[in-house]
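Shown next: query30.csv, containing CSV, C-alpha atoms and all ligand atoms.
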chain,number,residue,atom,x,y,z
A,1,MET,CA,1.9,-15.1,9.3
A,2,LYS,CA,4.2,-12.0,9.5
A,3,LYS,CA,2.5,-8.6,9.5
A,4,LEU,CA,3.3,-6.5,6.4
A,5,ILE,CA,4.3,-3.0,7.4
A,6,MET,CA,4.8,-0.6,4.5
A,7,ALA,CA,6.2,2.9,4.6
A,8,ASN,CA,4.7,5.2,1.9
A,9,TRP,CA,7.0,8.2,1.7
A,10,LYS,CA,4.9,9.7,-1.1
A,11,MET,CA,6.7,12.8,-2.6
A,12,GLN,CA,7.7,14.1,0.8
A,13,LEU,CA,11.5,13.7,0.8
A,14,THR,CA,14.5,14.8,-1.2
A,15,ILE,CA,16.9,12.1,-2.4
A,16,LYS,CA,19.3,13.0,0.3
A,17,GLU,CA,16.6,12.8,3.0
A,18,SER,CA,15.4,9.5,1.7
A,19,LEU,CA,18.9,8.1,1.9
A,20,GLU,CA,19.4,9.3,5.4
A,21,LEU,CA,16.1,8.0,6.7
A,22,ALA,CA,16.6,4.6,5.0
A,23,LYS,CA,20.0,4.4,6.6
A,24,GLN,CA,18.6,5.2,10.1
A,25,PHE,CA,15.8,2.7,9.6
A,26,THR,CA,18.2,-0.1,8.8
A,27,LYS,CA,19.8,0.5,12.1
A,28,LYS,CA,16.7,1.0,14.2
A,29,ILE,CA,14.3,-1.6,12.8
A,30,LYS,CA,14.3,-5.2,13.8
A,31,ALA,CA,11.9,-6.8,11.5
A,32,ASN,CA,11.7,-10.3,13.0
A,33,ASN,CA,7.9,-10.6,13.3
A,34,SER,CA,7.0,-8.5,10.4
A,35,GLU,CA,8.0,-7.8,6.8
A,36,VAL,CA,8.9,-4.1,6.5
A,37,VAL,CA,8.8,-2.4,3.1
A,38,ILE,CA,10.1,1.1,2.3
A,39,CYS,CA,8.6,2.9,-0.7
A,40,PRO,CA,10.5,6.0,-1.6
A,41,ASP,CA,9.8,8.0,-4.8
A,42,TYR,CA,11.2,6.8,-8.1
A,43,SER,CA,14.2,9.1,-8.1
A,44,ALA,CA,15.4,7.7,-4.7
A,45,LEU,CA,14.7,4.0,-5.5
A,46,PRO,CA,18.2,2.9,-6.7
A,47,PHE,CA,19.9,4.7,-3.8
A,48,VAL,CA,17.5,3.5,-1.1
A,49,GLY,CA,17.6,0.1,-2.7
A,50,SER,CA,21.4,-0.2,-2.3
A,51,ILE,CA,21.1,0.7,1.4
A,52,LEU,CA,18.3,-1.9,2.0
A,53,LYS,CA,20.1,-4.6,0.1
A,54,SER,CA,22.0,-6.0,3.1
A,55,SER,CA,19.2,-5.4,5.6
A,56,GLN,CA,15.9,-7.0,6.6
A,57,LEU,CA,13.9,-4.3,4.9
A,58,ALA,CA,12.4,-4.7,1.5
A,59,LEU,CA,12.0,-2.1,-1.3
A,60,GLY,CA,8.7,-1.0,-2.7
A,61,ALA,CA,7.6,1.5,-5.4
A,62,GLN,CA,4.6,3.9,-5.2
A,63,ASP,CA,3.4,3.2,-8.7
A,64,ALA,CA,4.3,1.5,-12.0
A,65,ALA,CA,3.3,1.8,-15.6
A,66,ALA,CA,0.4,-0.1,-17.1
A,67,PHE,CA,2.7,-1.3,-20.0
A,68,THR,CA,5.9,-3.3,-19.9
A,69,LYS,CA,7.7,-1.5,-22.7
A,70,GLY,CA,7.2,1.1,-25.4
A,71,ALA,CA,6.6,4.8,-26.3
A,72,TYR,CA,5.1,6.0,-23.0
A,73,THR,CA,6.9,9.2,-22.2
A,74,GLY,CA,7.4,9.7,-18.5
A,75,GLU,CA,6.3,6.2,-17.4
A,76,VAL,CA,8.4,3.7,-15.4
A,77,SER,CA,8.0,0.0,-16.2
A,78,ALA,CA,7.4,-2.7,-13.7
A,79,LEU,CA,10.2,-4.5,-15.5
A,80,ASN,CA,12.8,-1.8,-14.6
A,81,LEU,CA,11.5,-1.6,-11.1
A,82,LYS,CA,12.0,-5.3,-10.7
A,83,THR,CA,15.6,-4.9,-11.9
A,84,LEU,CA,16.1,-2.3,-9.2
A,85,GLY,CA,15.2,-4.8,-6.6
A,86,VAL,CA,11.6,-3.7,-6.0
A,87,LYS,CA,9.4,-6.3,-4.4
A,88,TYR,CA,6.1,-4.6,-3.8
A,89,VAL,CA,4.3,-1.9,-5.8
A,90,ILE,CA,1.5,0.3,-4.5
A,91,LEU,CA,-1.2,0.7,-7.2
A,92,GLY,CA,-4.4,2.7,-7.3
A,93,HIS,CA,-3.6,4.9,-4.4
A,94,SER,CA,-6.4,7.4,-3.9
A,95,GLU,CA,-4.0,10.3,-4.4
A,96,ARG,CA,-3.3,9.0,-7.9
A,97,ARG,CA,-7.0,8.3,-8.5
A,98,GLU,CA,-7.8,11.9,-7.5
A,99,HIS,CA,-4.9,14.1,-8.6
A,100,LEU,CA,-3.7,12.1,-11.6
A,101,HIS,CA,-7.2,10.9,-12.8
A,102,GLU,CA,-6.3,7.2,-12.7
A,103,ASN,CA,-9.4,5.2,-13.4
A,104,SER,CA,-10.1,1.6,-12.7
A,105,ALA,CA,-9.3,0.4,-16.3
A,106,ILE,CA,-5.8,1.9,-15.9
A,107,ILE,CA,-5.4,0.4,-12.4
A,108,ASN,CA,-6.5,-3.0,-13.8
A,109,ASP,CA,-3.8,-2.8,-16.5
A,110,LYS,CA,-1.2,-1.8,-13.9
A,111,VAL,CA,-2.0,-4.8,-11.7
A,112,LYS,CA,-1.6,-7.1,-14.6
A,113,ALA,CA,1.7,-5.5,-15.8
A,114,ALA,CA,3.1,-5.7,-12.2
A,115,LEU,CA,2.2,-9.4,-11.9
A,116,GLU,CA,3.6,-10.2,-15.3
A,117,ASN,CA,6.9,-8.7,-14.1
A,118,LYS,CA,6.8,-10.6,-10.8
A,119,LEU,CA,6.1,-7.6,-8.6
A,120,ILE,CA,3.6,-7.9,-5.8
A,121,PRO,CA,0.8,-5.3,-6.4
A,122,VAL,CA,-0.5,-3.6,-3.3
A,123,LEU,CA,-3.9,-2.6,-4.6
A,124,CYS,CA,-5.4,0.3,-2.7
A,125,VAL,CA,-9.2,0.7,-2.4
A,126,GLY,CA,-11.1,3.0,-0.2
A,127,GLU,CA,-14.4,4.9,0.0
A,128,LYS,CA,-14.6,8.7,0.2
A,129,LEU,CA,-16.6,10.4,2.9
A,130,ALA,CA,-19.6,10.8,0.6
A,131,GLU,CA,-19.9,7.0,0.1
A,132,ARG,CA,-19.4,6.4,3.8
A,133,GLU,CA,-22.1,8.9,4.8
A,134,ALA,CA,-24.5,7.5,2.2
A,135,GLY,CA,-24.0,4.0,3.8
A,136,GLN,CA,-22.5,2.7,0.5
A,137,THR,CA,-19.0,1.8,1.7
A,138,LYS,CA,-19.2,-2.0,1.0
A,139,GLU,CA,-20.9,-1.6,-2.3
A,140,TYR,CA,-18.3,0.9,-3.4
A,141,LEU,CA,-15.4,-1.2,-2.3
A,142,LYS,CA,-16.8,-4.3,-4.0
A,143,MET,CA,-17.0,-2.3,-7.2
A,144,GLU,CA,-13.5,-1.0,-6.9
A,145,LEU,CA,-12.2,-4.5,-6.4
A,146,GLN,CA,-14.2,-6.0,-9.2
A,147,HIS,CA,-12.9,-3.4,-11.7
A,148,ALA,CA,-9.2,-3.5,-10.5
A,149,LEU,CA,-9.0,-7.3,-10.5
A,150,LYS,CA,-11.0,-8.0,-13.7
A,151,GLY,CA,-9.3,-10.8,-15.5
A,152,VAL,CA,-6.4,-11.0,-12.9
A,153,LYS,CA,-5.1,-14.4,-12.0
A,154,ILE,CA,-2.6,-15.1,-9.3
A,155,LYS,CA,-0.7,-18.4,-8.5
A,156,THR,CA,-0.4,-18.1,-4.8
A,157,ALA,CA,-2.0,-16.0,-2.1
A,158,SER,CA,1.2,-14.0,-1.5
A,159,ASP,CA,1.2,-12.7,-5.1
A,160,LEU,CA,-1.1,-9.8,-4.3
A,161,VAL,CA,-2.0,-7.6,-1.4
A,162,VAL,CA,-5.1,-5.4,-0.9
A,163,ALA,CA,-4.8,-2.2,1.1
A,164,TYR,CA,-8.0,-0.8,2.6
A,165,GLU,CA,-7.5,3.0,2.8
A,166,PRO,CA,-10.6,5.0,3.6
A,167,VAL,CA,-9.9,8.2,1.7
A,168,TRP,CA,-11.3,10.4,4.5
A,169,ALA,CA,-9.0,8.8,7.0
A,170,ILE,CA,-5.7,9.5,5.1
A,171,SER,CA,-3.7,12.1,6.9
A,172,THR,CA,-3.3,14.5,4.0
A,173,ASN,CA,-7.1,15.1,4.2
A,174,LYS,CA,-7.9,18.1,6.3
A,175,ASN,CA,-10.3,16.4,8.7
A,176,ALA,CA,-8.7,13.0,8.7
A,177,LYS,CA,-9.1,10.8,11.7
A,178,PRO,CA,-8.4,7.1,11.9
A,179,ILE,CA,-11.3,4.7,11.6
A,180,LYS,CA,-12.0,2.6,14.7
A,181,PRO,CA,-9.9,-0.6,14.5
A,182,GLU,CA,-13.1,-2.8,15.0
A,183,GLU,CA,-14.8,-1.0,12.2
A,184,ALA,CA,-11.8,-1.4,9.9
A,185,ASN,CA,-11.6,-5.0,10.9
A,186,GLU,CA,-15.1,-5.7,9.8
A,187,ILE,CA,-14.5,-4.0,6.4
A,188,GLN,CA,-11.2,-5.8,6.0
A,189,LYS,CA,-13.0,-9.1,6.5
A,190,PHE,CA,-15.5,-8.1,3.8
A,191,LEU,CA,-12.6,-7.2,1.5
A,192,LYS,CA,-11.0,-10.6,2.2
A,193,ASP,CA,-14.2,-12.4,1.3
A,194,GLN,CA,-14.8,-10.4,-1.9
A,195,THR,CA,-11.2,-10.8,-3.0
A,196,PHE,CA,-11.4,-14.5,-2.4
A,197,LYS,CA,-14.5,-14.7,-4.6
A,198,ILE,CA,-12.6,-13.0,-7.4
A,199,LEU,CA,-9.1,-14.5,-7.1
A,200,LYS,CA,-9.9,-17.8,-5.3
A,201,LYS,CA,-7.0,-17.1,-3.0
A,202,GLN,CA,-7.0,-15.7,0.5
A,203,VAL,CA,-4.7,-12.7,0.0
A,204,ARG,CA,-3.4,-10.4,2.7
A,205,VAL,CA,-5.4,-7.2,3.4
A,206,ILE,CA,-3.7,-4.4,5.1
A,207,TYR,CA,-5.0,-1.1,6.5
A,208,GLY,CA,-3.9,2.5,5.8
A,209,GLY,CA,-5.1,5.9,7.0
A,210,SER,CA,-3.6,7.8,9.9
A,211,ALA,CA,-2.0,4.7,11.3
A,212,ASP,CA,0.6,5.8,13.9
A,213,MET,CA,2.6,4.9,16.9
A,214,ASN,CA,-0.4,5.1,19.2
A,215,ASN,CA,-3.0,3.1,17.2
A,216,ALA,CA,-0.8,0.6,15.4
A,217,GLU,CA,-1.1,-2.1,18.0
A,218,SER,CA,-4.9,-2.0,18.2
A,219,PHE,CA,-5.1,-2.2,14.4
A,220,LEU,CA,-2.7,-5.1,14.2
A,221,ALA,CA,-4.5,-7.0,17.0
A,222,GLN,CA,-7.6,-7.3,14.8
A,223,GLY,CA,-8.0,-10.7,13.1
A,224,SER,CA,-8.5,-9.4,9.6
A,225,ILE,CA,-5.7,-6.8,9.5
A,226,ASP,CA,-2.6,-8.3,8.0
A,227,GLY,CA,-0.5,-5.2,8.2
A,228,LEU,CA,-0.4,-1.4,7.7
A,229,LEU,CA,0.3,1.0,4.9
A,230,VAL,CA,1.8,4.0,6.7
A,231,GLY,CA,2.2,7.5,5.3
A,232,GLY,CA,2.9,10.4,7.6
A,233,ALA,CA,4.2,8.3,10.6
A,234,SER,CA,6.7,6.5,8.3
A,235,LEU,CA,8.6,9.7,7.8
A,236,LYS,CA,9.3,10.0,11.5
A,237,LEU,CA,12.7,8.7,12.6
A,238,ASN,CA,11.5,7.3,16.0
A,239,ASP,CA,7.8,6.6,15.4
A,240,PHE,CA,8.0,4.2,12.6
A,241,PRO,CA,10.5,1.8,14.3
A,242,LYS,CA,8.3,2.0,17.4
A,243,MET,CA,5.2,1.0,15.4
A,244,ILE,CA,7.0,-2.1,14.1
A,245,LYS,CA,8.2,-3.0,17.5
B,1,LIG,P1,-1.3,8.4,6.2
B,1,LIG,O1,-1.1,7.9,4.7
B,1,LIG,O2,-0.7,7.3,7.1
B,1,LIG,O3,-0.4,9.6,6.3
B,1,LIG,O4,-2.7,8.6,6.5
B,1,LIG,C1,-1.4,6.6,4.3
B,1,LIG,C2,-1.4,6.5,2.8
B,1,LIG,O5,-1.8,7.4,2.1
B,1,LIG,O6,-0.9,5.5,2.3
Rewrite the structure from the file as structure tokens, please.
Ligand code: PGA
Amino acid sequence: MKKLIMANWKMQLTIKESLELAKQFTKKIKANNSEVVICPDYSALPFVGSILKSSQLALGAQDAAAFTKGAYTGEVSALNLKTLGVKYVILGHSERREHLHENSAIINDKVKAALENKLIPVLCVGEKLAEREAGQTKEYLKMELQHALKGVKIKTASDLVVAYEPVWAISTNKNAKPIKPEEANEIQKFLKDQTFKILKKQVRVIYGGSADMNNAESFLAQGSIDGLLVGGASLKLNDFPKMIK
């Protein structure tokens, strides 16, 4: 199966910078053995989308509303994202859980709204340092999955992706360092099994957290790592194409 490599540009770029980087990536990236998805911020989506249209790269969003339509000032619906050509949507990212106080009930609604509108949710789960140090990583991840996927049904295994992002390993954290690929692999296997128990489908599980040009290969060589969710390194003109290569 093709590896799924996603660029999460967060809120790091202006519209102009997003356009420029997307243009460069369409020239530099040959996505033959992988599926590459670029996730710019909302404001850049239509512009980046029109650049990616005639390329091998797909468009992703960084979030979507929990509701399909209505009086929800400031929200953006999965329905409109779909119309813009968005294929994947990142949901439940730890930065949204932390800074925007998203709880598991909201994330659960978002997953359902995304699926109803034929977007592929990329559900992020990940323990913080406290849980890791207390030896509660698996318990915590299991709980996050159970809450986010409560009542969720998918038709095929490719309808949903889980992203394992240990919060302490994300590069915006001060002391971030990547997890060892073997350790990530063991947790990813656990996530696959747990997701199978809930959804009865073997969905893809990708890894995110300080993935870069130097460690991408060793992550992707692991049996239970189906791809990468890349933040910082996906903003780098040369590094991201090299990771894919
Ligand atoms: P990072 O971000 O690659 O910069 O650690 C990953 C993410 O937050 O999705």
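A straight line drawn from CA of Val230 in chain A to CA of Ile170 in chain A is 9.4 Å long.
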> So which one's closest to Gly232 in chain A, A:Leu129, A:Ala7, A:Met1, A:Leu119? Using all atoms listed in the file, please.
Replying inline: A:Ala7
Residues of chain A that approach ligand LIG 1 (chain B) to 10 Å or less, counting all atoms listed in the file: could you list each one with the shortest pair of atoms and its distance in Å to one decimal, rows by chain and increasing residue number, as a tab-separated table?
residue	atom	partner	partner_atom	distance
A:Met6	CA	B:LIG1	O6	8.6
A:Ala7	CA	B:LIG1	O6	7.9
A:Asn8	CA	B:LIG1	O6	5.6
A:Trp9	CA	B:LIG1	O6	8.4
A:Lys10	CA	B:LIG1	O5	7.8
A:Gln62	CA	B:LIG1	O6	9.4
A:Ile90	CA	B:LIG1	O6	8.9
A:His93	CA	B:LIG1	O5	7.2
A:Ser94	CA	B:LIG1	O5	7.6
A:Glu95	CA	B:LIG1	O5	7.4
A:Cys124	CA	B:LIG1	O6	8.5
A:Ala163	CA	B:LIG1	O6	8.7
A:Tyr164	CA	B:LIG1	O6	9.5
A:Glu165	CA	B:LIG1	C2	7.0
A:Pro166	CA	B:LIG1	O4	9.2
A:Val167	CA	B:LIG1	O5	8.1
A:Trp168	CA	B:LIG1	O4	9.0
A:Ala169	CA	B:LIG1	O4	6.3
A:Ile170	CA	B:LIG1	O4	3.4
A:Ser171	CA	B:LIG1	O4	3.7
A:Thr172	CA	B:LIG1	O3	6.1
A:Asn173	CA	B:LIG1	O4	8.2
A:Ala176	CA	B:LIG1	O4	7.8
A:Lys177	CA	B:LIG1	O4	8.5
A:Pro178	CA	B:LIG1	O4	8.0
A:Tyr207	CA	B:LIG1	C1	8.8
A:Gly208	CA	B:LIG1	C1	5.0
A:Gly209	CA	B:LIG1	O4	3.6
A:Ser210	CA	B:LIG1	O4	3.6
A:Ala211	CA	B:LIG1	O2	5.1
A:Asp212	CA	B:LIG1	O2	7.1
A:Leu228	CA	B:LIG1	O2	8.7
A:Leu229	CA	B:LIG1	O6	5.3
A:Val230	CA	B:LIG1	O2	4.2
A:Gly231	CA	B:LIG1	O1	3.4
A:Gly232	CA	B:LIG1	O3	3.6
A:Ala233	CA	B:LIG1	O2	6.1
A:Ser234	CA	B:LIG1	O2	7.5
A:Leu235	CA	B:LIG1	O3	9.1
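Residue nearest Gln12 in chain A, chosen from A:Lys236, A:Pro241, A:Ala114, A:Gln24 and counting all atoms listed in the file: A:Lys236.
In this comparison, which uses all atoms listed in the file, the residue of A:Val89, A:Val203, A:Cys39, A:Leu141 approaching Ala113 in chain A most closely is A:Val89.
You can rank A:Ala148, A:Arg97, A:Ser158, A:Glu20 by their closest distance to Lys201 in chain A using all atoms listed in the file, and at the top of that list sits A:Ser158.
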> If you measure from CA of Asn238 in chain A to CA of Lys3 in chain A, what distance in Å do you get, rounded to one decimal?
Replying inline: 19.4 Å
Generate the coordinates of N, CA and C atoms for range 122-134 of chain A; report them as a PDB file, in the frame of the given file.
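The resulting file, part27.pdb, is shown below:
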ATOM      1  N   VAL A 122       0.199  -3.937  -4.474  1.00  0.00           N
ATOM      2  CA  VAL A 122      -0.500  -3.600  -3.300  1.00  0.00           C
ATOM      3  C   VAL A 122      -1.679  -2.694  -3.726  1.00  0.00           C
ATOM      4  N   LEU A 123      -2.808  -3.322  -3.994  1.00  0.00           N
ATOM      5  CA  LEU A 123      -3.900  -2.600  -4.600  1.00  0.00           C
ATOM      6  C   LEU A 123      -4.712  -1.831  -3.554  1.00  0.00           C
ATOM      7  N   CYS A 124      -4.726  -0.508  -3.708  1.00  0.00           N
ATOM      8  CA  CYS A 124      -5.400   0.300  -2.700  1.00  0.00           C
ATOM      9  C   CYS A 124      -6.888   0.527  -3.147  1.00  0.00           C
ATOM     10  N   VAL A 125      -7.771   0.317  -2.199  1.00  0.00           N
ATOM     11  CA  VAL A 125      -9.200   0.700  -2.400  1.00  0.00           C
ATOM     12  C   VAL A 125      -9.642   1.432  -1.165  1.00  0.00           C
ATOM     13  N   GLY A 126     -10.664   2.247  -1.347  1.00  0.00           N
ATOM     14  CA  GLY A 126     -11.100   3.000  -0.200  1.00  0.00           C
ATOM     15  C   GLY A 126     -12.279   3.929  -0.581  1.00  0.00           C
ATOM     16  N   GLU A 127     -13.263   4.024   0.298  1.00  0.00           N
ATOM     17  CA  GLU A 127     -14.400   4.900   0.000  1.00  0.00           C
ATOM     18  C   GLU A 127     -14.094   6.326   0.423  1.00  0.00           C
ATOM     19  N   LYS A 128     -14.750   7.257  -0.235  1.00  0.00           N
ATOM     20  CA  LYS A 128     -14.600   8.700   0.200  1.00  0.00           C
ATOM     21  C   LYS A 128     -15.727   8.931   1.223  1.00  0.00           C
ATOM     22  N   LEU A 129     -15.646  10.123   1.803  1.00  0.00           N
ATOM     23  CA  LEU A 129     -16.600  10.400   2.900  1.00  0.00           C
ATOM     24  C   LEU A 129     -18.046  10.362   2.361  1.00  0.00           C
ATOM     25  N   ALA A 130     -18.268  10.801   1.111  1.00  0.00           N
ATOM     26  CA  ALA A 130     -19.600  10.800   0.600  1.00  0.00           C
ATOM     27  C   ALA A 130     -20.227   9.399   0.561  1.00  0.00           C
ATOM     28  N   GLU A 131     -19.425   8.412   0.135  1.00  0.00           N
ATOM     29  CA  GLU A 131     -19.900   7.000   0.100  1.00  0.00           C
ATOM     30  C   GLU A 131     -20.183   6.520   1.513  1.00  0.00           C
ATOM     31  N   ARG A 132     -19.280   6.882   2.399  1.00  0.00           N
ATOM     32  CA  ARG A 132     -19.400   6.400   3.800  1.00  0.00           C
ATOM     33  C   ARG A 132     -20.719   6.979   4.387  1.00  0.00           C
ATOM     34  N   GLU A 133     -20.916   8.286   4.178  1.00  0.00           N
ATOM     35  CA  GLU A 133     -22.100   8.900   4.800  1.00  0.00           C
ATOM     36  C   GLU A 133     -23.401   8.410   4.141  1.00  0.00           C
ATOM     37  N   ALA A 134     -23.304   7.979   2.888  1.00  0.00           N
ATOM     38  CA  ALA A 134     -24.500   7.500   2.200  1.00  0.00           C
ATOM     39  C   ALA A 134     -24.711   5.966   2.546  1.00  0.00           C
TER      40      ALA A 134
END
